[in-house]
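What follows is one structure encoded as structure tokens, with my remarks underneath.
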Amino acid sequence: MIEARALTKVFRDKRRGEIRAVDNLSFRVAPGRIYGLLGANGAGKTTALRLLATLLQPTAGSATVAGHDIVAEPARVRANVGFLATSTALYGRLTARETITYFGRLNGLAGDEIAARLGCLADELGLHEFLDRRCEKFSTGMKQKTSIARTLIHDPAVMIFDEPTLGLDVMAARSVVRFVRECKARGKTVIYSTHVMSEVEKLCDVIGIIHGGRLLAEDTLEGLRARTGEHDMEEIFVKTVGPEASA
Amino acid sequence: MSWKNIVTIYGKELRDSLRDRRTLLSMIIIPVLVMPMLVYVVGRVGARVYATARGEIPVIMVIGGEDSPATRALLQASARFRIVPETADYRQKISDKKVRAAVQIPPGFDAGLKAGAARPVLVLHYQGELKSGFAVGEIEAFFRDLREKTVTASLAAHGLPASLVTPFAVQRENVAPPEKVGGNAIGGLVPYLIIMLCFTGAVYPAIDLTAGEKERGTMETLLCSPVARVDIVLGKFLMVLTGSLCAMIFSLGSMALTLALAGTALGAGGLPSISLLGVAGVLAMVVPAAVFFSALLLTIALFAKSSKEAQTYLAPLAFVVLLPVALGLLPGIELNARLALVPILNLSLVCKEMLSGAWHWNYIALIFGSTCAYAGLALALAVRMFNREDVLFRC
């Protein structure tokens with residue numbers, strides 16, 4: 001379960017002054033559901049997800065992730081979260097096995113637990129072929145699979161995806177989408193940020209449209225269609241944020 | 001704080017670094033090669049240049065002395081130098097290094113010599129030029145011989161013994177043990193090399209583990225784990241410290257081996273020896289300095305967004321470190337209570353003292369304590385910086 005309550009993040013920049021990257025953001029995601037956070041570049045999606053993953057501290061408001069408060073218990077939050085983003089890269093000089101094992105250890109797993117979990121993940125994701133090769137030599141798809149295994153090694157209850165298909169080819173993007181669906185099937189709480197409309201249509205149970213750090217609309221795909229009178233997700237988005245903002 | 005997490009992070013960083021050629025270069029290869037390079041390459045090239053210059057018969061010019069044919073004939077007959085015909089532009093020729101030196105014989109020199117009141121001989125040379133220096137040495141030796149022969153002949157003519165002008169000799173005897181002589185001779189150079197290598201050994205790991213990770217996107221991956229930030233800092237700090245200490249240990253090992261081999265090759269008295277106890281003292285004093293450097297470099301490099309930016313910050317820092325180390329090499333600067341609190345300079349001075357056999361325990365304790373305090377402060381600053389999101393996610 002994820003519950004954000006009036007989550008706000010203000011950055012202070014010498015040149016630009018005060019920037020409200022996330023402004024009074026509230027939403028709730030239940031286990032076994034995928035919440036799509038849809039927004040243009042700079043809308044505040046990454047900041048919102050970094051707040052939930054406790055990488056940043058909120059200026060105001062609060063949130064609980066898997067029953068833990070993001071300010072009071074950040075380590076417990078992170079222990080229950082798998083965070084996958086374009087900005088979370090792999091160590092090039094380590095092999096896939098070493099990387100996954102390392103994160104297993106950092107998550108407090110014992111050696112035999114890591115070995116058993118790694119075996120399962122390697123079977124599920126098809127890692128065996130390149131498990132003992134260094135990540136620097138990997139294709140984008142191999143890197144993405146290794147990153148997925150890295151986020152899942154401790155079997156977190158909550159998965160946070162920040163534009164996970166950005167820069168991926170069609171096949172690699174499809175495997176990520178399939179993996180997100182599997183997370184939902186396993187009863188995990190999933191939050192998925194993207195600016196790709198088709199992914200939102202395919203994956204998300206609830207869609208939140210974010211712009212300028214504020215949540216402008218939140219509903220199911222059908223609910224948004226009914227509310228805007230538009231069928232196409234792109235048109236729904238443009239109508240919600242306003243044509244000038246989306247230009 | 002969890003030691004298990006710190007060790008896990010350190011282990012990963014060590015493995016990662018040992019697979020990186022650039023880290024190996026700064027941690028092992030450069031420290032191992034720097035001393036043999038200095039001794040063998042610079043030493044050998046220097047010795048060869050010196051020997052070539054020494055073996056060359058200097059070309060000189062004799063100015064004037066037309067009324068002193070005896071002296072001119074002796075100069076011409078000497079095998080110490082080769083005389084070229086006099087020209088008016090002799091000063092320019094010396095500057096152009098076509099002639100190494102010129103000797104100006106004053107009017108009536110031969111007559112003055114016989115009368116016991118000759119006017120001074122002027123030697124023109126190019127100061128700082130090795131071959132010119134050798135030429136001056138040969139000219140002075142020639143005139144010293146001439147003066148002694150003149151004195152001896154004059155004494156003999158008056159029936160007096162030659163010992164009249166040298167009634168006694170003055171001799172010297174060294175009482176300092178060889179390691180103290182060595183300590184005084186190279187006592188400044190050893191800490192200089194150790195401190196600089198200790199610093200340079202930490203630079204690359206500090207950049208790679210902070211700004212490098214930010215640039216590659218692995219920092220955020222690590223921050224997503226439930227490990228506390230203080231554990232991450234300490235794990236990374238231990239790796240940077242390893243880089244610094246490795247550079248120091250490898251440089252010292254290489255230095256000891258090079259000096260031993262070079263000493264054997266040159267025989268007794270070839271190279272100054274230094275006290276092993278002094279070296280052990282230097283090592284003990286440098287450890288807190290390595291902690292200080294590692295934490296400071298980690299903090300500064302963390303502030304940078306990219307490796308390139310980190311290099312821009314750290315390059316001037318090398319000069320900041322070099323300055324007090326170089327000051328410590330100056331002969332007039334003595335260790336006192338005030339200087340004992342100046343970071344790096346205090347270390348440079350106390351190491352020089354220890355290597356020359358002087359153990360001022362009060363200063364040693366003060367310097368060790370203050371360096372530990374500076375190291376602690378630098379480490380606390382590194383932890384503080386790691387908790388600042390505007391530093392970690394600076395864009």
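Here, A, B, ... name the chains of the structure tokens in the order displayed, residue numbers run from 1 inside each chain, and ligands are numbered from 1 in the same displayed order.
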What residues in chain B have any atom no more than 6 Å from chain A when counting only C-alpha atoms, and can you write them as a ChimeraX atom specification?
/B:16,217-218,220-221,225-226
Those selected residues, please, written with C-alpha atoms and delivered as a PDB file, in the first residue's frame.
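Result written to again14.pdb:
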```pdb
ATOM      1  CA  ASP B  16      35.141  -2.827  -8.397  1.00  0.00           C
ATOM      2  CA  GLY B 217      23.779   6.618 -12.367  1.00  0.00           C
ATOM      3  CA  THR B 218      24.853   3.987  -9.841  1.00  0.00           C
ATOM      4  CA  GLU B 220      20.910   6.492  -6.999  1.00  0.00           C
ATOM      5  CA  THR B 221      20.806   2.685  -7.276  1.00  0.00           C
ATOM      6  CA  SER B 225      18.886   0.279  -0.703  1.00  0.00           C
ATOM      7  CA  PRO B 226      17.878   0.336   2.985  1.00  0.00           C
TER       8      PRO B 226
END
```
Running DSSP on the backbone, which parts of region 64-152 of chain A land in strand (DSSP E or B), as a PyMOL selection string?
chain A and resi 64-65+68-69+81-85+95+134
Near Phe393 (chain B), within 10 Å and counting only C-alpha atoms, which residues show up once chain neighbours fewer than 2 positions away are dropped, as a PDB file with C-alpha atoms, in the first residue's frame?
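Listed below is the output, out.pdb:
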```
ATOM      1  CA  LEU A  55      15.744   9.479  -1.656  1.00  0.00           C
ATOM      2  CA  LEU A  56      14.423  12.982  -0.985  1.00  0.00           C
TER       3      LEU A  56
ATOM      4  CA  LYS B 214      26.611  10.071  -9.887  1.00  0.00           C
ATOM      5  CA  MET B 219      24.700   6.362  -6.875  1.00  0.00           C
ATOM      6  CA  GLU B 220      20.910   6.492  -6.999  1.00  0.00           C
ATOM      7  CA  PHE B 303      29.935  17.850  -4.432  1.00  0.00           C
ATOM      8  CA  LYS B 305      28.203  16.423 -10.726  1.00  0.00           C
ATOM      9  CA  ARG B 388      22.444  16.648   1.824  1.00  0.00           C
ATOM     10  CA  GLU B 389      20.065  15.915  -1.035  1.00  0.00           C
ATOM     11  CA  ASP B 390      21.082  19.117  -2.844  1.00  0.00           C
ATOM     12  CA  VAL B 391      24.586  17.631  -3.065  1.00  0.00           C
ATOM     13  CA  CYS B 395      21.841  19.110 -11.346  1.00  0.00           C
TER      14      CYS B 395
END
```
Distance table requested - region 106-218 of chain B against region 46-57 of chain B, cut-off 9 Å, only C-alpha atoms: one row per qualifying residue with the closest atom pair and its distance in Å to one decimal, ordered by chain and rising residue number, as a Markdown table.
```
| residue | atom | partner | partner_atom | distance |
| --- | --- | --- | --- | --- |
| B:Leu130 | CA | B:Ala53 | CA | 7.4 |
| B:Lys131 | CA | B:Ala53 | CA | 5.8 |
| B:Phe134 | CA | B:Arg54 | CA | 7.0 |
| B:Ala135 | CA | B:Ile57 | CA | 8.2 |
```
Show me, as a list in words, the residues that have an atom within 12 Å of Gln127 (chain B) when counting only C-alpha atoms, minus same-chain residues fewer than 3 positions from it.
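The neighbour list is Ile94, Ser95, Lys97, Arg100, Ala101, Val123, Leu124, Leu130, Lys131, Ser132, Gly133, Phe134, Ala135 and Val136 of chain B.
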List as a PyMOL selection string the protein and nucleic acid residues near region 341-348 of chain B, meaning an atom at most 8 Å away when only C-alpha atoms are counted, but skip any in the same chain fewer than 4 places from it.
chain B and resi 188+191-192+195+285-286+289+321+324-325+327-329+335+337+352+366-367+370-371+374
Could you write those residues out with N, CA and C atoms, as a short mmCIF file (atom, residue, chain, number, x, y, z; two decimals), in the first residue's frame?
```
data_model
loop_
_atom_site.label_atom_id
_atom_site.label_comp_id
_atom_site.auth_asym_id
_atom_site.auth_seq_id
_atom_site.Cartn_x
_atom_site.Cartn_y
_atom_site.Cartn_z
N GLY B 188 63.90 15.41 4.12
CA GLY B 188 62.80 16.23 3.63
C GLY B 188 62.12 15.60 2.45
N PRO B 191 59.36 12.35 3.34
CA PRO B 191 57.98 12.72 3.66
C PRO B 191 57.28 13.43 2.52
N TYR B 192 58.02 14.23 1.76
CA TYR B 192 57.44 14.93 0.60
C TYR B 192 56.83 13.92 -0.36
N ILE B 195 53.82 11.96 1.41
CA ILE B 195 52.60 12.76 1.56
C ILE B 195 51.94 12.98 0.20
N MET B 285 52.76 8.42 11.49
CA MET B 285 52.27 9.80 11.44
C MET B 285 51.43 10.07 10.19
N VAL B 286 51.74 9.34 9.11
CA VAL B 286 51.06 9.61 7.85
C VAL B 286 49.65 8.98 7.81
N ALA B 289 46.95 11.34 8.45
CA ALA B 289 46.93 12.29 7.32
C ALA B 289 46.23 11.65 6.13
N VAL B 321 48.08 21.29 -1.06
CA VAL B 321 48.81 20.28 -0.26
C VAL B 321 50.31 20.45 -0.49
N PRO B 324 52.43 23.49 1.74
CA PRO B 324 53.02 23.24 3.07
C PRO B 324 54.09 22.15 3.05
N VAL B 325 53.93 21.16 2.16
CA VAL B 325 54.94 20.10 2.09
C VAL B 325 56.27 20.71 1.62
N LEU B 327 57.13 23.86 1.87
CA LEU B 327 57.63 24.76 2.92
C LEU B 327 58.44 23.97 3.96
N GLY B 328 57.96 22.77 4.23
CA GLY B 328 58.64 21.91 5.20
C GLY B 328 60.03 21.50 4.75
N LEU B 329 60.28 21.59 3.45
CA LEU B 329 61.60 21.21 2.92
C LEU B 329 62.64 22.31 3.11
N LEU B 335 60.46 23.23 13.58
CA LEU B 335 59.20 22.83 14.21
C LEU B 335 59.00 23.58 15.53
N ALA B 337 55.54 24.96 18.46
CA ALA B 337 54.17 24.62 18.88
C ALA B 337 53.13 25.16 17.91
N LYS B 352 60.65 14.95 8.87
CA LYS B 352 62.05 15.28 8.58
C LYS B 352 62.88 15.11 9.86
N LEU B 366 51.39 16.15 19.76
CA LEU B 366 50.55 17.28 19.36
C LEU B 366 50.15 17.14 17.87
N ILE B 367 51.12 16.77 17.05
CA ILE B 367 50.85 16.67 15.61
C ILE B 367 49.95 15.47 15.32
N SER B 370 46.46 16.45 16.57
CA SER B 370 45.77 17.46 15.74
C SER B 370 45.41 16.88 14.38
N THR B 371 46.29 16.04 13.80
CA THR B 371 45.97 15.44 12.50
C THR B 371 44.76 14.51 12.63
N TYR B 374 41.73 16.73 12.75
CA TYR B 374 41.38 17.23 11.41
C TYR B 374 40.73 16.12 10.58
#
```
Do you know which residues are at most 6 Å from Val22 (chain A) counting only C-alpha atoms, after dropping those on the same chain fewer than 5 positions away, and could you put them as a ChimeraX atom specification?
/A:8-9,44,213
Convert the current residue selection to file output with C-alpha atoms, as a PDB file, in the first residue's frame.
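Result went into selection-v9.pdb, see below:
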```pdb
ATOM      1  CA  THR A   8       5.065  18.751  -1.197  1.00  0.00           C
ATOM      2  CA  LYS A   9       8.657  19.303  -2.266  1.00  0.00           C
ATOM      3  CA  GLY A  44       7.289  16.385 -10.992  1.00  0.00           C
ATOM      4  CA  GLY A 213       3.874  19.266  -9.451  1.00  0.00           C
TER       5      GLY A 213
END
```
Coordinates-based distance that separates CA of Val190 (chain A) from CA of Arg214 (chain A) (Å, one decimal)
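So the answer is 20.1 Å.
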Have a look at B:Gly116, B:Gly253, B:Gly278, B:Gly43 and name the one nearest to Ser154 (chain B); count only C-alpha atoms.
B:Gly116
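For the set A:Lys188, A:Arg16, A:His231, A:Arg225, the residue with the smallest atom-to-atom gap to Gly32 (chain A) is A:Lys188, counting only C-alpha atoms.
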Of the residues A:Thr228, A:Gln144, A:Ser139, A:Ser193, which is the one nearest to Glu163 (chain A), using only C-alpha atoms?
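With only C-alpha atoms as the atom set, the closest residue is A:Ser193.
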Would you list, as a PyMOL selection string, the residues of region 131-340 of chain B that end up in alpha helix (DSSP H) under DSSP run on this structure's backbone?
chain B and resi 131-157+178-186+189-209+211-216+218-223+229-266+276-303+307-329
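For the pair CA of Arg80 (chain B) and CA of Lys98 (chain B), the interatomic distance is 17.2 Å.
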Rounded to one decimal in Å, what is the spacing between CA of Val41 (chain B) and CA of Ile28 (chain B)?
19.2 Å
Would you list the contacts of Ile191 (chain A) as a PyMOL selection string, taking every protein, DNA or RNA residue within 12 Å and counting only C-alpha atoms, but skipping same-chain residues closer than 4 positions in sequence?
chain A and resi 1-4+27-38+45-46+48-50+52-53+65+81-85+157-164+180-181+183-184+200+203-208
